Structure formats: C-alpha cells, structure tokens
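Enquirer: Coordinates in structure-v6.cif, mmCIF, C-alpha atoms, are listed below.
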```cif
data_final
loop_
_atom_site.group_PDB
_atom_site.id
_atom_site.type_symbol
_atom_site.label_atom_id
_atom_site.label_comp_id
_atom_site.auth_asym_id
_atom_site.auth_seq_id
_atom_site.Cartn_x
_atom_site.Cartn_y
_atom_site.Cartn_z
ATOM 1 C CA MET Z 9 -14.678 -50.716 -21.759
ATOM 2 C CA LYS Z 10 -12.801 -49.779 -18.610
ATOM 3 C CA ARG Z 11 -14.805 -48.208 -15.772
ATOM 4 C CA THR Z 12 -13.352 -46.547 -12.693
ATOM 5 C CA LEU Z 13 -14.883 -46.075 -9.278
ATOM 6 C CA TYR Z 14 -13.339 -43.670 -6.779
ATOM 7 C CA VAL Z 15 -14.499 -44.394 -3.236
ATOM 8 C CA VAL Z 16 -13.909 -41.448 -0.899
ATOM 9 C CA ARG Z 17 -14.270 -41.411 2.865
ATOM 10 C CA HIS Z 18 -15.389 -38.023 4.147
ATOM 11 C CA ALA Z 19 -12.677 -35.818 5.618
ATOM 12 C CA LYS Z 20 -12.246 -35.045 9.317
ATOM 13 C CA ALA Z 21 -15.426 -33.680 10.906
ATOM 14 C CA GLU Z 22 -16.687 -32.367 14.205
ATOM 15 C CA ASP Z 23 -16.564 -34.764 17.121
ATOM 16 C CA ARG Z 24 -19.538 -37.014 17.760
ATOM 17 C CA ALA Z 25 -19.516 -35.828 21.372
ATOM 18 C CA SER Z 26 -20.913 -32.467 20.297
ATOM 19 C CA PHE Z 27 -24.617 -31.905 20.675
ATOM 20 C CA LEU Z 28 -25.178 -32.093 16.923
ATOM 21 C CA ASN Z 29 -27.136 -34.768 15.185
ATOM 22 C CA ASP Z 30 -24.582 -37.113 13.569
ATOM 23 C CA HIS Z 31 -25.979 -36.367 10.102
ATOM 24 C CA ASP Z 32 -25.326 -32.629 10.583
ATOM 25 C CA ARG Z 33 -21.677 -32.798 11.661
ATOM 26 C CA GLU Z 34 -19.551 -30.349 9.630
ATOM 27 C CA LEU Z 35 -15.998 -30.665 8.361
ATOM 28 C CA LEU Z 36 -13.297 -29.212 10.570
ATOM 29 C CA PRO Z 37 -10.860 -26.720 8.980
ATOM 30 C CA GLU Z 38 -8.227 -29.466 8.844
ATOM 31 C CA GLY Z 39 -10.762 -31.702 7.068
ATOM 32 C CA ILE Z 40 -11.417 -29.002 4.475
ATOM 33 C CA MET Z 41 -7.668 -28.648 3.898
ATOM 34 C CA ALA Z 42 -7.235 -32.424 3.612
ATOM 35 C CA ALA Z 43 -10.088 -32.686 1.078
ATOM 36 C CA ALA Z 44 -8.560 -29.818 -0.921
ATOM 37 C CA ARG Z 45 -5.184 -31.580 -0.893
ATOM 38 C CA VAL Z 46 -6.760 -34.785 -2.222
ATOM 39 C CA GLY Z 47 -8.762 -32.834 -4.808
ATOM 40 C CA ARG Z 48 -5.621 -31.058 -6.052
ATOM 41 C CA TYR Z 49 -3.776 -34.383 -6.239
ATOM 42 C CA LEU Z 50 -6.546 -35.937 -8.323
ATOM 43 C CA ALA Z 51 -6.765 -32.866 -10.585
ATOM 44 C CA GLU Z 52 -2.986 -32.880 -11.117
ATOM 45 C CA LYS Z 53 -3.234 -36.547 -12.150
ATOM 46 C CA GLY Z 54 -5.999 -35.634 -14.622
ATOM 47 C CA ILE Z 55 -8.600 -37.569 -12.647
ATOM 48 C CA VAL Z 56 -12.073 -36.105 -12.974
ATOM 49 C CA ALA Z 57 -15.035 -38.424 -12.567
ATOM 50 C CA ASP Z 58 -18.015 -38.221 -14.908
ATOM 51 C CA GLN Z 59 -20.333 -38.251 -11.920
ATOM 52 C CA PHE Z 60 -20.110 -37.399 -8.216
ATOM 53 C CA ILE Z 61 -22.492 -39.126 -5.779
ATOM 54 C CA SER Z 62 -22.503 -38.313 -2.080
ATOM 55 C CA SER Z 63 -24.202 -39.266 1.124
ATOM 56 C CA THR Z 64 -26.557 -36.546 2.336
ATOM 57 C CA ALA Z 65 -24.557 -36.092 5.565
ATOM 58 C CA HIS Z 66 -22.967 -32.629 5.722
ATOM 59 C CA ARG Z 67 -19.416 -33.936 6.129
ATOM 60 C CA ALA Z 68 -19.664 -36.169 3.040
ATOM 61 C CA LYS Z 69 -21.379 -33.490 0.913
ATOM 62 C CA ASP Z 70 -18.780 -30.916 1.910
ATOM 63 C CA THR Z 71 -15.916 -33.294 1.124
ATOM 64 C CA ALA Z 72 -17.474 -33.870 -2.308
ATOM 65 C CA LYS Z 73 -17.869 -30.113 -2.877
ATOM 66 C CA VAL Z 74 -14.246 -29.352 -1.992
ATOM 67 C CA ILE Z 75 -12.900 -32.115 -4.234
ATOM 68 C CA ALA Z 76 -15.251 -31.097 -7.068
ATOM 69 C CA GLU Z 77 -14.069 -27.482 -6.846
ATOM 70 C CA GLN Z 78 -10.426 -28.574 -7.010
ATOM 71 C CA ALA Z 79 -11.232 -30.657 -10.096
ATOM 72 C CA GLY Z 80 -13.086 -27.808 -11.803
ATOM 73 C CA VAL Z 81 -16.437 -29.580 -11.467
ATOM 74 C CA ASN Z 82 -19.556 -27.590 -10.623
ATOM 75 C CA PRO Z 83 -20.491 -28.655 -7.054
ATOM 76 C CA ASP Z 84 -24.165 -28.194 -7.943
ATOM 77 C CA THR Z 85 -23.924 -31.302 -10.145
ATOM 78 C CA ILE Z 86 -23.189 -33.588 -7.177
ATOM 79 C CA GLU Z 87 -25.966 -36.154 -6.834
ATOM 80 C CA LEU Z 88 -27.087 -36.803 -3.269
ATOM 81 C CA ASP Z 89 -28.132 -40.287 -2.204
ATOM 82 C CA GLU Z 90 -29.650 -40.525 1.267
ATOM 83 C CA LYS Z 91 -29.164 -44.318 1.274
ATOM 84 C CA LEU Z 92 -25.383 -43.834 1.433
ATOM 85 C CA TYR Z 93 -25.863 -42.530 4.977
ATOM 86 C CA GLU Z 94 -26.208 -45.654 7.126
ATOM 87 C CA GLY Z 95 -27.337 -47.781 4.182
ATOM 88 C CA GLY Z 96 -24.419 -50.175 4.390
ATOM 89 C CA PRO Z 97 -22.304 -51.525 1.532
ATOM 90 C CA LYS Z 98 -25.471 -52.690 -0.281
ATOM 91 C CA ALA Z 99 -26.477 -49.041 -0.724
ATOM 92 C CA TYR Z 100 -23.093 -48.272 -2.325
ATOM 93 C CA LEU Z 101 -23.453 -51.230 -4.666
ATOM 94 C CA ALA Z 102 -26.983 -50.141 -5.631
ATOM 95 C CA ALA Z 103 -25.699 -46.628 -6.357
ATOM 96 C CA ILE Z 104 -23.175 -47.883 -8.898
ATOM 97 C CA ASN Z 105 -25.299 -50.711 -10.304
ATOM 98 C CA ASN Z 106 -27.866 -48.091 -11.337
ATOM 99 C CA LEU Z 107 -25.412 -45.875 -13.232
ATOM 100 C CA PRO Z 108 -25.966 -45.424 -16.972
ATOM 101 C CA ASP Z 109 -23.549 -47.244 -19.266
ATOM 102 C CA SER Z 110 -22.525 -43.895 -20.763
ATOM 103 C CA CYS Z 111 -20.766 -43.071 -17.467
ATOM 104 C CA GLU Z 112 -17.132 -44.246 -17.433
ATOM 105 C CA SER Z 113 -16.140 -43.057 -13.961
ATOM 106 C CA VAL Z 114 -17.835 -42.111 -10.722
ATOM 107 C CA MET Z 115 -16.705 -40.714 -7.392
ATOM 108 C CA LEU Z 116 -18.697 -41.940 -4.385
ATOM 109 C CA PHE Z 117 -18.483 -40.092 -1.050
ATOM 110 C CA GLY Z 118 -19.452 -41.847 2.146
ATOM 111 C CA HIS Z 119 -18.671 -43.156 5.583
ATOM 112 C CA ASN Z 120 -16.696 -45.818 7.379
ATOM 113 C CA PRO Z 121 -16.910 -48.699 7.925
ATOM 114 C CA ASP Z 122 -19.088 -48.973 4.800
ATOM 115 C CA VAL Z 123 -16.572 -47.483 2.332
ATOM 116 C CA SER Z 124 -13.801 -49.776 3.571
ATOM 117 C CA TYR Z 125 -15.971 -52.905 3.480
ATOM 118 C CA PHE Z 126 -17.310 -51.944 0.052
ATOM 119 C CA SER Z 127 -13.813 -51.428 -1.395
ATOM 120 C CA GLU Z 128 -12.669 -54.780 -0.042
ATOM 121 C CA TYR Z 129 -15.818 -56.507 -1.308
ATOM 122 C CA LEU Z 130 -15.258 -55.221 -4.845
ATOM 123 C CA THR Z 131 -11.520 -55.941 -4.998
ATOM 124 C CA HIS Z 132 -11.042 -58.786 -2.512
ATOM 125 C CA GLN Z 133 -7.941 -56.931 -1.325
ATOM 126 C CA ASP Z 134 -7.156 -55.742 2.178
ATOM 127 C CA VAL Z 135 -7.866 -52.020 2.306
ATOM 128 C CA GLY Z 136 -8.186 -51.885 6.081
ATOM 129 C CA SER Z 137 -9.971 -48.968 7.688
ATOM 130 C CA MET Z 138 -9.832 -46.115 5.176
ATOM 131 C CA SER Z 139 -8.373 -42.910 6.604
ATOM 132 C CA LYS Z 140 -10.564 -39.809 6.750
ATOM 133 C CA GLY Z 141 -10.390 -37.944 3.448
ATOM 134 C CA SER Z 142 -8.748 -40.849 1.612
ATOM 135 C CA VAL Z 143 -9.654 -42.197 -1.818
ATOM 136 C CA VAL Z 144 -9.527 -45.706 -3.268
ATOM 137 C CA ALA Z 145 -9.583 -46.134 -7.052
ATOM 138 C CA ILE Z 146 -11.064 -49.369 -8.370
ATOM 139 C CA THR Z 147 -11.100 -50.333 -12.044
ATOM 140 C CA PHE Z 148 -13.404 -52.765 -13.805
ATOM 141 C CA GLU Z 149 -12.653 -54.281 -17.208
ATOM 142 C CA ASN Z 150 -15.390 -55.034 -19.735
ATOM 143 C CA LEU Z 151 -18.259 -54.791 -17.258
ATOM 144 C CA ARG Z 152 -21.370 -52.656 -17.284
ATOM 145 C CA TRP Z 153 -22.129 -50.898 -14.005
ATOM 146 C CA ALA Z 154 -25.088 -53.258 -13.492
ATOM 147 C CA GLU Z 155 -22.710 -56.260 -13.639
ATOM 148 C CA ILE Z 156 -20.326 -55.076 -10.939
ATOM 149 C CA SER Z 157 -20.312 -57.128 -7.757
ATOM 150 C CA GLY Z 158 -17.873 -58.802 -5.379
ATOM 151 C CA ARG Z 159 -14.353 -59.544 -6.623
ATOM 152 C CA THR Z 160 -14.912 -57.905 -10.018
ATOM 153 C CA GLY Z 161 -12.665 -54.882 -9.489
ATOM 154 C CA PHE Z 162 -8.947 -54.197 -9.259
ATOM 155 C CA LEU Z 163 -7.433 -51.806 -6.742
ATOM 156 C CA SER Z 164 -5.594 -49.136 -8.762
ATOM 157 C CA PHE Z 165 -4.494 -46.901 -5.920
ATOM 158 C CA TYR Z 166 -5.241 -45.819 -2.380
ATOM 159 C CA VAL Z 167 -4.120 -42.375 -1.297
ATOM 160 C CA THR Z 168 -4.527 -40.562 2.012
ATOM 161 C CA PRO Z 169 -4.277 -36.846 2.806
ATOM 162 C CA LYS Z 170 -1.432 -37.614 5.218
ATOM 163 C CA GLU Z 171 0.622 -39.264 2.440
ATOM 164 C CA LEU Z 172 0.155 -36.197 0.265
ATOM 165 C CA LEU Z 173 1.638 -33.955 2.973
ATOM 166 C CA LYS Z 174 4.926 -35.829 2.540
ATOM 167 C CA GLN Z 175 5.118 -35.189 -1.210
#
```
Show me, as structure tokens, the structure contained in the file I just sent.

Expert:
Amino acid sequence: MKRTLYVVRHAKAEDRASFLNDHDRELLPEGIMAAARVGRYLAEKGIVADQFISSTAHRAKDTAKVIAEQAGVNPDTIELDEKLYEGGPKAYLAAINNLPDSCESVMLFGHNPDVSYFSEYLTHQDVGSMSKGSVVAITFENLRWAEISGRTGFLSFYVTPKELLKQ
C-alpha cells in the first residue's frame, strides 16, 4: 500500500520582535493568503489528506485551518499535537509512527527547522530550508506508518506559495 505524508511549514506570521509569546504568534494577512493559495492548489490536484495534525502554535493551527477549508475538510477535525511545537524531528516521526494503518495520507503542520530536517531525514534528499507556507509530499511504498524511518520515503513534490503566484 502506498502512503503519503504532506509536511507543511506554517505560513508567514507576526514578527518574533513583537511582545507576544512565540507560541501565540498569529498569521499575517499575507500568510493567510499564501496558505489559501496552497490549499486551493492541493484541492485542484485532488489532494485531501485522511488526517490533519498540527502543532498547537497559533500560526501552525491557522495554516492547517485555512488549508483544510480550501480542501473542504472540517477544521474541527484537525488533531493538535503539542509535541510538534519545539519537539524536534523525533516528535514528527512519533506523530506518524503512531498513525493507524487505515490512514493512507496525513498532512502535518509545523515549524522550521524541524520540518525541513524531517523531510530530508525521510527522503535523504536536499530540501533545504522550507519556505513559509510550503508543502513537501513524501510517498512510502509498502510500509506501515510504524515502519517509517530515515531514507524510507520518496520526495514526490515540493511547492511554495511564491511558485503558485507565477502560475
């Protein structure tokens, strides 16, 4: 069975220099628009994940909500995982390793540098620093979620909101 993981970096958020706690930073209007653009792109390609899992940080949750709405997914079904906020790539791996086998695809929303490192760990391909609001699709052939680890995935695509402006 083929499984697909979509790793999404949160869209552009308020500056860290503000007096907000980092966890509470909100998306900027341009971040909301970028997330909507990516969500529309995915929906037009017929890509809708079986499950959405997001960091509890406002900017990641809001990115997940915008993309879910564009895909026709109820945003209330987004699972929140507090370990995805500052938990490192191990937290991302734990999130997918614990998925039920009935799930064929999942969209994970998080933060850099973790999402970039995690994507490279799974695919052993150079992703670089993922752009804000971008999505990496990784496929796995004949593996259960619990069996996924380093170098077991294949990079299917990497799309950024900026690229989609040019289309």

Enquirer: Leaving out Z:Phe117 and any residue of its chain fewer than 5 positions from it, which residues lie within 6 Å of it when counting all atoms listed in the file, given as number ranges by chain?

Expert: Z: 16-17, 62, 68

Enquirer: Find the residues near Z:Glu87: any atom within 9 Å, counting all atoms listed in the file, skip ones fewer than 4 places away on the same chain, and give them as number ranges by chain.

Expert: Z: 59-63

Enquirer: I'd like the interatomic distance between atom CA of Z:Leu35 and atom CA of Z:Asn106, to a tenth of an Å.

Expert: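 Interatomic distance, atom CA of Z:Leu35 to atom CA of Z:Asn106: 28.9 Å.
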
Enquirer: Any idea what's packed within 12 Å of Z:Glu112, counting all atoms listed in the file, ignoring anything in its chain fewer than 6 positions away? Could you give it as a list in words?

Expert: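 Returned residues: Met9, Lys10, Arg11, Thr12, Leu13, Tyr14, Ile55, Val56, Ala57, Asp58, Gln59, Phe60, Ile104, Thr147, Phe148, Glu149, Asn150, Leu151, Arg152 and Trp153 of chain Z.
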
Enquirer: Let me make sure I understand: among Z:Ser142, Z:Met115, Z:Thr160, Z:Glu77, which one has the smallest atom-to-atom distance to Z:Leu130 if we use only C-alpha atoms?

Expert: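 Among the listed residues, Z:Thr160 lies closest to Z:Leu130.
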
Enquirer: My list of candidates is Z:Gly136, Z:Pro97, Z:Gly141, Z:Gly161. Which is closest to Z:Ile40 when distances are computed with only C-alpha atoms?

Expert: Z:Gly141

Enquirer: Fewer than 5 positions away in the same chain doesn't count, so skip those; otherwise give me all residues within 10 Å of Z:Met138, counting only C-alpha atoms, as number ranges by chain.

Expert: Z: 15-18, 119-125, 127, 143-144, 166-168

Enquirer: Please report the interatomic distance between atom CA of Z:Thr131 and atom CA of Z:Ala51 in Å with one decimal.

Expert: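 Taking atom CA of Z:Thr131 as the start and atom CA of Z:Ala51 as the end point, the length is 24.2 Å.
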